[in-house]
Structures are given as C-alpha cells and as structure tokens.
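Shown next: input08.cif, given as mmCIF, C-alpha atoms and all ligand atoms.
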```cif
data_coords
#
loop_
_atom_site.label_atom_id
_atom_site.label_comp_id
_atom_site.auth_asym_id
_atom_site.auth_seq_id
_atom_site.Cartn_x
_atom_site.Cartn_y
_atom_site.Cartn_z
CA MET A 1 20.62 13.53 -6.54
CA GLN A 2 17.15 12.01 -7.13
CA ASP A 3 13.88 13.91 -7.06
CA PRO A 4 12.26 13.61 -3.62
CA ILE A 5 9.27 11.31 -3.30
CA PRO A 6 6.11 13.44 -3.45
CA THR A 7 3.69 13.28 -0.55
CA THR A 8 -0.07 13.50 -0.32
CA ALA A 9 -2.27 14.59 2.58
CA LEU A 10 -4.42 12.08 4.40
CA PRO A 11 -7.86 13.32 5.51
CA SER A 12 -6.53 12.85 9.08
CA GLY A 13 -3.95 15.59 8.46
CA GLN A 14 -0.72 13.57 8.16
CA THR A 15 1.31 13.63 4.99
CA ILE A 16 2.24 10.30 3.46
CA PRO A 17 4.74 9.56 0.67
CA VAL A 18 3.06 8.38 -2.54
CA LEU A 19 5.70 5.68 -3.12
CA GLY A 20 6.57 3.15 -0.45
CA GLN A 21 7.48 -0.48 0.11
CA GLY A 22 5.29 -3.56 0.60
CA THR A 23 6.17 -6.61 2.70
CA TRP A 24 3.73 -9.38 1.74
CA HIS A 25 5.59 -12.74 1.53
CA MET A 26 8.49 -11.36 3.53
CA GLY A 27 9.35 -13.71 6.38
CA GLU A 28 8.23 -16.75 4.39
CA LYS A 29 11.85 -17.77 3.97
CA LYS A 30 11.88 -17.52 0.16
CA THR A 31 14.66 -14.97 0.68
CA SER A 32 16.53 -14.65 3.98
CA ALA A 33 14.87 -12.39 6.54
CA ALA A 34 18.17 -10.52 6.92
CA GLU A 35 18.26 -9.79 3.18
CA GLU A 36 14.62 -8.64 3.22
CA ALA A 37 15.34 -6.30 6.15
CA LYS A 38 18.36 -4.95 4.22
CA CYS A 39 16.12 -4.22 1.23
CA LEU A 40 13.65 -2.26 3.34
CA ARG A 41 16.53 -0.42 5.03
CA HIS A 42 18.02 0.37 1.63
CA GLY A 43 14.66 1.82 0.57
CA LEU A 44 14.55 3.88 3.77
CA ASP A 45 18.04 5.22 3.00
CA LEU A 46 16.77 6.24 -0.46
CA GLY A 47 13.76 8.05 1.02
CA MET A 48 11.16 5.26 0.63
CA THR A 49 10.02 5.83 4.17
CA LEU A 50 6.52 4.38 3.85
CA ILE A 51 6.52 0.68 4.77
CA ASP A 52 3.33 -1.38 4.54
CA THR A 53 2.96 -4.55 6.58
CA ALA A 54 0.27 -6.57 8.39
CA GLU A 55 -0.09 -8.95 11.32
CA MET A 56 -1.12 -11.56 8.73
CA TYR A 57 2.11 -11.51 6.71
CA ALA A 58 4.11 -14.59 7.67
CA ASP A 59 2.13 -14.62 10.92
CA GLY A 60 3.91 -11.56 12.22
CA GLY A 61 7.28 -12.46 10.68
CA ALA A 62 7.09 -9.55 8.25
CA GLU A 63 6.53 -7.09 11.11
CA ARG A 64 9.68 -8.43 12.81
CA ILE A 65 11.62 -7.87 9.58
CA VAL A 66 10.29 -4.30 9.46
CA ALA A 67 11.47 -3.82 13.07
CA GLU A 68 14.97 -4.88 12.00
CA ALA A 69 14.87 -2.55 9.00
CA ILE A 70 13.88 0.55 10.98
CA ARG A 71 16.05 -0.09 14.06
CA GLY A 72 17.37 3.29 15.24
CA ARG A 73 15.45 5.06 12.45
CA ARG A 74 11.85 4.96 13.72
CA ASN A 75 11.31 8.65 13.18
CA ASP A 76 12.31 8.36 9.51
CA ALA A 77 9.65 5.74 8.77
CA PHE A 78 5.90 5.96 8.08
CA LEU A 79 4.58 2.58 9.25
CA VAL A 80 1.34 1.00 8.07
CA SER A 81 0.04 -2.23 9.58
CA LYS A 82 -3.27 -4.08 9.55
CA VAL A 83 -5.55 -5.95 11.90
CA LEU A 84 -7.06 -9.23 10.70
CA PRO A 85 -10.89 -9.17 10.48
CA SER A 86 -11.01 -12.18 12.83
CA ASN A 87 -9.32 -10.01 15.51
CA ALA A 88 -11.31 -6.85 14.78
CA SER A 89 -13.70 -6.83 17.77
CA ARG A 90 -13.36 -3.84 20.09
CA ASP A 91 -10.95 -5.53 22.52
CA GLY A 92 -9.41 -7.78 19.86
CA THR A 93 -8.33 -4.81 17.76
CA ILE A 94 -6.57 -3.24 20.72
CA ARG A 95 -4.82 -6.52 21.59
CA ALA A 96 -3.82 -7.04 17.92
CA CYS A 97 -2.40 -3.54 17.71
CA GLU A 98 -0.39 -4.01 20.89
CA SER A 99 1.04 -7.28 19.54
CA SER A 100 1.96 -5.55 16.26
CA LEU A 101 3.65 -2.74 18.20
CA LYS A 102 5.75 -5.31 20.08
CA ARG A 103 6.77 -7.12 16.88
CA LEU A 104 7.52 -3.81 15.16
CA GLY A 105 9.60 -2.64 18.15
CA THR A 106 7.83 0.72 18.29
CA ASP A 107 5.29 2.57 20.40
CA HIS A 108 3.17 3.78 17.51
CA ILE A 109 1.92 2.83 14.04
CA ASP A 110 1.33 5.77 11.70
CA LEU A 111 -1.63 4.25 9.86
CA TYR A 112 -3.52 1.18 11.07
CA LEU A 113 -5.94 -0.58 8.71
CA LEU A 114 -8.73 -3.14 8.93
CA HIS A 115 -7.38 -5.73 6.44
CA TRP A 116 -10.80 -6.58 5.01
CA ARG A 117 -14.45 -6.72 6.12
CA GLY A 118 -15.16 -9.47 8.63
CA ARG A 119 -17.91 -10.54 10.98
CA TYR A 120 -17.44 -7.85 13.65
CA PRO A 121 -19.63 -4.74 13.37
CA LEU A 122 -17.64 -1.83 11.93
CA ARG A 123 -18.81 0.29 14.85
CA GLU A 124 -16.72 -1.87 17.23
CA THR A 125 -13.57 -1.70 15.15
CA VAL A 126 -13.92 2.05 14.72
CA GLU A 127 -14.35 2.50 18.48
CA ALA A 128 -11.13 0.55 19.03
CA PHE A 129 -9.29 2.55 16.35
CA GLU A 130 -10.41 5.82 17.94
CA SER A 131 -9.28 4.72 21.39
CA LEU A 132 -5.88 3.61 19.99
CA LYS A 133 -5.60 7.04 18.39
CA GLN A 134 -6.42 8.79 21.68
CA ALA A 135 -3.75 6.69 23.39
CA GLY A 136 -1.18 7.75 20.76
CA LYS A 137 -0.65 4.14 19.65
CA ILE A 138 -1.77 4.90 16.10
CA GLY A 139 -1.63 8.16 14.18
CA ALA A 140 -4.60 7.47 11.91
CA TRP A 141 -6.75 4.53 10.85
CA GLY A 142 -8.15 3.27 7.59
CA VAL A 143 -9.56 0.23 5.82
CA SER A 144 -8.58 -2.19 3.08
CA ASN A 145 -10.52 -4.04 0.39
CA PHE A 146 -13.60 -1.88 0.97
CA ASP A 147 -16.03 -1.46 -1.92
CA PRO A 148 -18.42 1.53 -2.18
CA ASP A 149 -21.13 -0.28 -0.17
CA ASP A 150 -18.68 -1.05 2.65
CA MET A 151 -17.53 2.55 2.56
CA GLU A 152 -21.11 3.89 2.76
CA GLU A 153 -21.75 1.68 5.77
CA LEU A 154 -18.50 2.83 7.41
CA LEU A 155 -19.34 6.49 6.88
CA GLY A 156 -22.66 5.86 8.65
CA VAL A 157 -21.14 4.66 11.97
CA PRO A 158 -20.00 7.11 14.67
CA ASP A 159 -16.53 8.49 13.80
CA GLY A 160 -16.54 6.40 10.59
CA GLY A 161 -15.78 9.62 8.73
CA HIS A 162 -12.31 9.65 10.31
CA VAL A 163 -11.21 6.98 7.81
CA ALA A 164 -7.86 8.09 6.34
CA ALA A 165 -7.30 5.66 3.43
CA ASN A 166 -8.59 2.58 1.61
CA GLN A 167 -5.93 0.06 0.58
CA VAL A 168 -7.18 -1.81 -2.49
CA LEU A 169 -6.01 -3.89 -5.43
CA TYR A 170 -5.25 -1.22 -7.98
CA ASN A 171 -2.90 -1.36 -10.95
CA LEU A 172 -2.92 -0.68 -14.67
CA ALA A 173 -4.69 -3.95 -15.43
CA ARG A 174 -7.11 -3.76 -12.51
CA ARG A 175 -8.81 -0.46 -12.02
CA GLY A 176 -12.23 -1.79 -11.04
CA ILE A 177 -15.08 -3.41 -12.93
CA GLU A 178 -18.32 -2.67 -11.13
CA TYR A 179 -17.18 0.88 -10.50
CA ASP A 180 -14.24 3.19 -11.13
CA LEU A 181 -12.06 2.76 -8.04
CA LEU A 182 -10.18 6.01 -8.53
CA LYS A 183 -13.21 8.20 -9.21
CA ASP A 184 -15.07 6.70 -6.29
CA SER A 185 -12.25 7.37 -3.84
CA GLN A 186 -11.51 10.83 -5.21
CA SER A 187 -15.18 11.80 -4.90
CA ARG A 188 -15.06 10.85 -1.23
CA GLY A 189 -11.63 12.48 -0.65
CA ILE A 190 -10.24 9.19 0.64
CA PRO A 191 -6.83 8.26 -0.82
CA ILE A 192 -6.27 4.88 -2.45
CA MET A 193 -3.30 2.91 -1.27
CA ALA A 194 -2.71 0.73 -4.32
CA TYR A 195 -1.65 -2.80 -3.46
CA SER A 196 -0.12 -5.18 -6.00
CA PRO A 197 0.71 -2.09 -8.13
CA LEU A 198 2.84 -4.31 -10.41
CA ASP A 199 0.05 -6.90 -10.53
CA GLU A 200 2.41 -9.12 -8.52
CA GLY A 201 4.98 -8.88 -11.32
CA ARG A 202 2.57 -9.95 -14.11
CA LEU A 203 2.76 -6.63 -15.99
CA MET A 204 6.42 -7.03 -16.95
CA ARG A 205 6.01 -8.55 -20.42
CA HIS A 206 3.34 -6.28 -21.83
CA PRO A 207 4.53 -5.00 -25.25
CA ASP A 208 3.04 -1.48 -24.87
CA LEU A 209 4.64 -1.09 -21.49
CA ILE A 210 7.97 -2.29 -22.88
CA HIS A 211 7.67 0.21 -25.76
CA ILE A 212 6.88 3.17 -23.48
CA ALA A 213 9.60 2.16 -21.02
CA LYS A 214 12.19 2.13 -23.83
CA ALA A 215 11.14 5.59 -25.00
CA HIS A 216 11.71 6.98 -21.49
CA GLN A 217 14.89 4.94 -20.88
CA ALA A 218 12.98 3.53 -17.98
CA THR A 219 11.80 0.07 -16.96
CA VAL A 220 8.35 -1.49 -17.23
CA ALA A 221 7.95 -1.46 -13.45
CA GLN A 222 8.71 2.26 -13.35
CA VAL A 223 6.15 3.00 -16.07
CA ALA A 224 3.48 0.90 -14.31
CA LEU A 225 4.11 2.74 -11.03
CA ALA A 226 4.37 6.18 -12.66
CA PHE A 227 0.99 5.58 -14.30
CA LEU A 228 -0.57 5.22 -10.84
CA ILE A 229 1.16 7.96 -8.84
CA ARG A 230 0.43 10.69 -11.41
CA ASN A 231 -3.12 10.62 -9.99
CA PRO A 232 -3.77 12.79 -6.93
CA GLY A 233 -4.61 10.64 -3.93
CA VAL A 234 -2.93 7.43 -5.14
CA ILE A 235 -0.16 5.84 -3.08
CA VAL A 236 1.77 2.77 -4.30
CA ILE A 237 3.56 0.14 -2.22
CA PRO A 238 5.50 -2.24 -4.53
CA LYS A 239 7.22 -5.12 -2.78
CA THR A 240 10.66 -6.40 -3.69
CA GLY A 241 13.22 -8.62 -2.05
CA THR A 242 16.16 -7.37 -4.13
CA GLN A 243 18.09 -4.15 -3.52
CA GLU A 244 18.54 -3.48 -7.23
CA ARG A 245 14.75 -3.40 -7.66
CA VAL A 246 14.39 -1.17 -4.61
CA ARG A 247 16.60 1.36 -6.45
CA GLU A 248 14.62 0.83 -9.64
CA ASN A 249 11.25 1.32 -7.97
CA ARG A 250 12.55 4.37 -6.11
CA ALA A 251 13.59 5.99 -9.41
CA THR A 252 9.97 5.89 -10.62
CA VAL A 253 9.60 9.52 -9.55
CA GLU A 254 11.95 10.49 -12.41
CA VAL A 255 9.53 9.05 -15.01
CA HIS A 256 6.94 11.47 -16.37
CA LEU A 257 4.47 9.94 -18.81
CA THR A 258 3.11 11.97 -21.71
CA ASP A 259 -0.52 12.26 -22.81
CA ASP A 260 0.35 9.98 -25.75
CA ASP A 261 1.72 7.33 -23.35
CA LEU A 262 -1.44 7.54 -21.27
CA ALA A 263 -3.64 7.17 -24.36
CA ILE A 264 -1.69 4.06 -25.42
CA LEU A 265 -2.01 2.55 -21.96
CA ASP A 266 -5.73 3.32 -21.80
CA ARG A 267 -6.19 1.48 -25.10
CA ALA A 268 -4.02 -1.45 -24.03
CA PHE A 269 -5.59 -2.01 -20.63
CA PRO A 270 -9.30 -2.13 -19.86
CA PRO A 271 -10.37 1.18 -18.43
CA PRO A 272 -12.33 1.10 -15.19
CA GLY A 273 -15.85 -0.24 -15.30
CA ARG A 274 -15.14 -2.91 -17.94
CA LYS A 275 -13.92 -6.48 -18.43
CA MET A 276 -11.36 -7.17 -15.71
CA PRO A 277 -12.87 -8.54 -12.51
CA LEU A 278 -12.24 -6.62 -9.36
CA GLU A 279 -10.44 -9.26 -7.34
CA MET A 280 -10.17 -9.17 -3.62
CA ILE A 281 -7.96 -11.51 -1.66
P1 LIG A 301 3.47 -6.14 -6.33
O1 LIG A 301 2.58 -5.69 -7.42
O2 LIG A 301 4.19 -5.14 -5.49
O3 LIG A 301 4.50 -7.13 -6.99
C1 LIG A 301 5.47 -7.81 -6.25
C2 LIG A 301 6.19 -8.74 -7.21
O4 LIG A 301 6.82 -7.96 -8.23
C3 LIG A 301 7.26 -9.53 -6.52
O5 LIG A 301 7.26 -10.82 -7.11
C4 LIG A 301 8.55 -8.81 -6.89
O6 LIG A 301 9.60 -9.74 -7.01
C5 LIG A 301 8.22 -8.19 -8.23
N1 LIG A 301 8.88 -6.89 -8.44
C6 LIG A 301 9.00 -5.86 -7.57
N2 LIG A 301 9.66 -4.83 -8.13
C7 LIG A 301 9.96 -5.22 -9.40
C8 LIG A 301 10.64 -4.61 -10.47
N3 LIG A 301 11.15 -3.38 -10.37
N4 LIG A 301 10.77 -5.30 -11.64
C9 LIG A 301 10.26 -6.55 -11.76
N5 LIG A 301 9.60 -7.18 -10.76
C10 LIG A 301 9.45 -6.53 -9.60
O7 LIG A 301 2.61 -7.14 -5.42
P2 LIG A 301 2.25 -7.31 -3.90
O8 LIG A 301 1.07 -8.21 -3.92
O9 LIG A 301 3.41 -7.67 -3.08
O10 LIG A 301 1.70 -5.87 -3.44
C11 LIG A 301 2.51 -4.89 -2.84
C12 LIG A 301 2.21 -4.77 -1.35
O11 LIG A 301 0.84 -4.43 -1.13
C13 LIG A 301 2.35 -6.07 -0.56
O12 LIG A 301 3.70 -6.44 -0.39
C14 LIG A 301 1.60 -5.72 0.69
O13 LIG A 301 2.38 -4.90 1.54
C15 LIG A 301 0.40 -4.98 0.11
N6 LIG A 301 -0.75 -5.88 -0.15
C16 LIG A 301 -1.92 -5.64 0.55
C17 LIG A 301 -3.03 -6.44 0.35
C18 LIG A 301 -4.28 -6.16 1.13
O14 LIG A 301 -5.21 -6.99 1.12
N7 LIG A 301 -4.38 -5.02 1.79
C19 LIG A 301 -3.03 -7.56 -0.60
C20 LIG A 301 -1.79 -7.68 -1.35
C21 LIG A 301 -0.71 -6.86 -1.11
P3 LIG A 301 10.95 -9.68 -6.09
O15 LIG A 301 10.51 -9.57 -4.67
O16 LIG A 301 11.62 -10.94 -6.45
O17 LIG A 301 11.67 -8.45 -6.56
#
```

Since I need it in another form, could you write the structure as structure tokens?
Amino acid sequence: MQDPIPTTALPSGQTIPVLGQGTWHMGEKKTSAAEEAKCLRHGLDLGMTLIDTAEMYADGGAERIVAEAIRGRRNDAFLVSKVLPSNASRDGTIRACESSLKRLGTDHIDLYLLHWRGRYPLRETVEAFESLKQAGKIGAWGVSNFDPDDMEELLGVPDGGHVAANQVLYNLARRGIEYDLLKDSQSRGIPIMAYSPLDEGRLMRHPDLIHIAKAHQATVAQVALAFLIRNPGVIVIPKTGTQERVRENRATVEVHLTDDDLAILDRAFPPPGRKMPLEMI
C-alpha cells in the first residue's frame, strides 16, 4: 500500500494533489493515443488524479485523450486545462472553454488557466473566468507563465485576486533568475504548478542526482520530483507515455530527502536568482 498523494489548498478553497500528470505532446502520434490514455488511466488508478492539459496540446488531441482516460471516472479526476492567449478575449475565453469541455467529455474543468500573457486585457479574461465560475463550468481559474510584473497587474484588475495558481517552468535546474519563483509565489499565497519538473527529461544523467537516488534506492526522476514537492505550495505534473514511469513517478511520495541531500542539490544546481535563464515557452 503506497502513501497517499498529499494535497495542498488553493486560495479558491479547493484541495489539489501535489503530484499529477502532464499531457504535453500527447496526441502527436509519437505513441498511440490509446496507449497514452491507458497511461493516464493507470495514473488515475494509482491516485494520480490531477491531470493537466490544454487546448493547445496537439490542437485539442490531448484533451480527447484525457476524455478517454477519465471515462466513467470524472469524479475521481481533478482536471486542469488552459485557454490560448489568442482566444482569451471575454467571449473567446467562454467559447474556448466550451470547446475544451466538449473535447474532455465533461461539464466542468476544475482549474482553468490562461496559458500565457497575450494581447487581450487581463480584465476581459478575468471577467470571462468569473462568469464561467458562476455558471459552474470551471471550479477555479489561474494563470501560467506569469512573472511578478504580470501578477501585480493581474492583482490590480477587478476580481484578479481570485487567481488560484500560477503554472510556471520550475525544476531543480530552473528556479528563476531575475527573481526567486518559489519565494515570490509563497509571499503572495499563490501555489506554483511546476511544469517540466523533470526539465523535459534532461535531469536524468546528473551525477549528484544519481548518487542521491542510489542512497534512497530511488530513481533520479523521483529525487527531482521529491525536491520540488517538499515545498509547501508546489504542485508537479510530470508527463510520461509509459506505464512503468507512471508507477515510478507515483512512488515519488515515498522518497524523503535529507538536509544533506538538499545541501548537495543546492550546490549542484544554481539556486534561484543566479545563472540559469528563466525560460518561458
Ligand atoms: P517533464 O519535465 O514532465 O518531462 C517529460 C519528459 O520526461 C518526457 O520525455 C518523458 O518521457 C520523460 N519522463 C517522464 N517520467 C520519467 C521518468 N520517471 N524517468 C525518465 N524520464 C521520464 O516535461 P513536460 O514539458 O512534459 O512538463 C510536464 C507537463 O507540464 C506537460 O506535459 C504539460 O502538461 C505541462 N506544461 C505546461 C507548460 C505551460 O506553458 N503551462 C509548458 C510545458 C509543459 P516519456 O513520455 O517517454 O516517459
């Protein structure tokens, strides 16, 4: 019996698991869609109920794969999807959400995000988010790829303070250069949803990670994920298209890093505010 996946509270009141599953590149036919849906379903069976997707991923194909994965199990899943900035006008956001709902085969999305800042005024997008919330089509809304300036601007628009999360590039190797991503979000009480938590697979060969993983009889991926979720208010959404890795990522909650491990990792990877560029897609 595995430890349950811990949850954290969103400012909107919902609880969200701190370890979920990503879906970028799903539906691009690198792996069969059926196999990808099976992976997500396998994760759901193991308690990885948070699934992150977006209208952008494979032009809606990933959302259809998610629909297949959660068929008959909607109430077990915590669904996150995103509106493209080019659709994020007041009416466009509502239309985009309704299209996502159709593709996802559900009547509500638990957390709906603006994928990144675009040309539409934030006030319009927030109005649309609030009206979707009133209609019960989304449970909460948030943003993605927002830096502190974007966040300040958001907090200045009516109802902007209802933002529930900021999904950003955040992993051991990328914790922010111009500012400390974690500190900034914790000071505002807005959870970070860490995307590319495995740095898209690039962390796997790092000697310090390999060393720490061996000491815990764990894997490098588990150590990289455990490093992130030990922080209050950090949620990770690793993506995998293989069931074995779903099980591996799920077992991250069994890995508890020591202060010595953390000191080694802080020496090996640039701490926030230095060196590594903060990259946005
Ligand atoms: P990740 O850091 O999750 O890395 C995914 C890569 O790591 C894949 O190549 C996968 O390969 C591999 N991998 C997964 N698990 C393991 C493991 N246990 N051991 C070794 N390799 C592993 O990158 P993503 O960019 O996919 O980020 C995660 C999710 O975040 C996305 O899927 C998406 O939902 C979201 N995202 C959001 C963005 C935004 O702008 N808001 C931008 C980017 C991502 P394989 O599939 O072959 O197992």

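Of the listed residues (A:Ala165, A:Ile212, A:Ala54, A:Ala263), A:Ala54 comes nearest to ligand LIG 301 (chain A); the distances count only C-alpha atoms and all ligand atoms.
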
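In this model, the gap between CA of Gly160 in chain A and atom O8 of ligand LIG 301 (chain A) comes to 27.1 Å.
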
Do a neighbour search on Asp3 in chain A at 7 Å with all atoms listed in the file, toss out local chain neighbours closer than 2 positions, and write the hits as a short mmCIF file (atom, residue, chain, number, x, y, z; two decimals) with C-alpha atoms, in the frame of the given file.
```
data_model
loop_
_atom_site.label_atom_id
_atom_site.label_comp_id
_atom_site.auth_asym_id
_atom_site.auth_seq_id
_atom_site.Cartn_x
_atom_site.Cartn_y
_atom_site.Cartn_z
CA MET A 1 20.62 13.53 -6.54
CA ILE A 5 9.27 11.31 -3.30
CA VAL A 253 9.60 9.52 -9.55
CA GLU A 254 11.95 10.49 -12.41
#
```

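Using all atoms listed in the file, the protein and nucleic acid residues lying no more than 12 Å from Arg202 in chain A, apart from those fewer than 3 places from it along its own chain, are A:Asn171, A:Leu172, A:Ala173, A:Arg174, A:Ser196, A:Pro197, A:Leu198, A:Asp199, A:Arg205, A:His206, A:Leu209, A:Val220, A:Ala221, A:Ala224.
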
### Sphere at (-5.8, 5.7, 22.5), radius 12 Å, counting all atoms listed in the file: residues as a PyMOL selection string
chain A and resi 93-94+97-98+107-109+126-141

Save out the residues we just selected, C-alpha atoms, as a PDB file, in the coordinates of the input.
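Written file, result_26.pdb:
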```pdb
ATOM      1  CA  THR A  93      -8.330  -4.810  17.760  1.00  0.00           C
ATOM      2  CA  ILE A  94      -6.570  -3.240  20.720  1.00  0.00           C
ATOM      3  CA  CYS A  97      -2.400  -3.540  17.710  1.00  0.00           C
ATOM      4  CA  GLU A  98      -0.390  -4.010  20.890  1.00  0.00           C
ATOM      5  CA  ASP A 107       5.290   2.570  20.400  1.00  0.00           C
ATOM      6  CA  HIS A 108       3.170   3.780  17.510  1.00  0.00           C
ATOM      7  CA  ILE A 109       1.920   2.830  14.040  1.00  0.00           C
ATOM      8  CA  VAL A 126     -13.920   2.050  14.720  1.00  0.00           C
ATOM      9  CA  GLU A 127     -14.350   2.500  18.480  1.00  0.00           C
ATOM     10  CA  ALA A 128     -11.130   0.550  19.030  1.00  0.00           C
ATOM     11  CA  PHE A 129      -9.290   2.550  16.350  1.00  0.00           C
ATOM     12  CA  GLU A 130     -10.410   5.820  17.940  1.00  0.00           C
ATOM     13  CA  SER A 131      -9.280   4.720  21.390  1.00  0.00           C
ATOM     14  CA  LEU A 132      -5.880   3.610  19.990  1.00  0.00           C
ATOM     15  CA  LYS A 133      -5.600   7.040  18.390  1.00  0.00           C
ATOM     16  CA  GLN A 134      -6.420   8.790  21.680  1.00  0.00           C
ATOM     17  CA  ALA A 135      -3.750   6.690  23.390  1.00  0.00           C
ATOM     18  CA  GLY A 136      -1.180   7.750  20.760  1.00  0.00           C
ATOM     19  CA  LYS A 137      -0.650   4.140  19.650  1.00  0.00           C
ATOM     20  CA  ILE A 138      -1.770   4.900  16.100  1.00  0.00           C
ATOM     21  CA  GLY A 139      -1.630   8.160  14.180  1.00  0.00           C
ATOM     22  CA  ALA A 140      -4.600   7.470  11.910  1.00  0.00           C
ATOM     23  CA  TRP A 141      -6.750   4.530  10.850  1.00  0.00           C
TER      24      TRP A 141
END
```

### Message
Show me which residues line ligand LIG 301 (chain A), defined as having an atom within 7 Å of a ligand atom where all atoms listed in the file count, and present them as JSON, numbers by chain.
### Response
{"A": [21, 22, 23, 24, 25, 52, 53, 115, 116, 144, 145, 167, 168, 169, 195, 196, 197, 198, 199, 200, 201, 204, 221, 222, 237, 238, 239, 240, 241, 242, 245, 246, 248, 249, 281]}

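Rounded to one decimal, CA of Arg123 in chain A and CA of Arg90 in chain A lie 8.6 Å from each other.
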
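Residues lying within 10 Å of Leu228 in chain A, counting all atoms listed in the file and ignoring same-chain neighbours fewer than 3 positions away, are Val18, Leu19, Tyr170, Asn171, Leu172, Leu182, Ala194, Pro197, Val223, Ala224, Leu225, Asn231, Pro232, Gly233, Val234, Ile235 and Val236 of chain A.
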
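Relative to CA of Ala88 in chain A, CA of Lys183 in chain A is found at 28.4 Å.
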
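For Gln14 in chain A, the residues within 10 Å (counting all atoms listed in the file, excluding itself and residues fewer than 5 positions away along the chain) are Thr7, Thr8, Ala9, Asp110, Leu111, Gly139, Ala140 and Ala164 of chain A.
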
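Closest approach to Ile51 in chain A from the set A:Met193, A:Ile264, A:Val143, A:Val163 is made by A:Met193, with distances taken over only C-alpha atoms.
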
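Counting all atoms listed in the file and comparing A:Ala62, A:Met48, A:Ala226, A:Ile16, the residue that lies closest to Thr31 in chain A is A:Ala62.
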
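Proximity of A:His256, A:Leu44, A:Asp76, A:Leu113 to Ala215 in chain A, computed with all atoms listed in the file, is greatest for A:His256.
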
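Every polymer residue reaching to within 9 Å of (-14.7, 6.4, -1.6), counting only C-alpha atoms, appears in this list: Phe146, Asp147, Pro148, Met151, Glu152, Ala165, Asn166, Leu181, Leu182, Lys183, Asp184, Ser185, Gln186, Ser187, Arg188, Gly189, Ile190, Pro191 and Ile192 of chain A.
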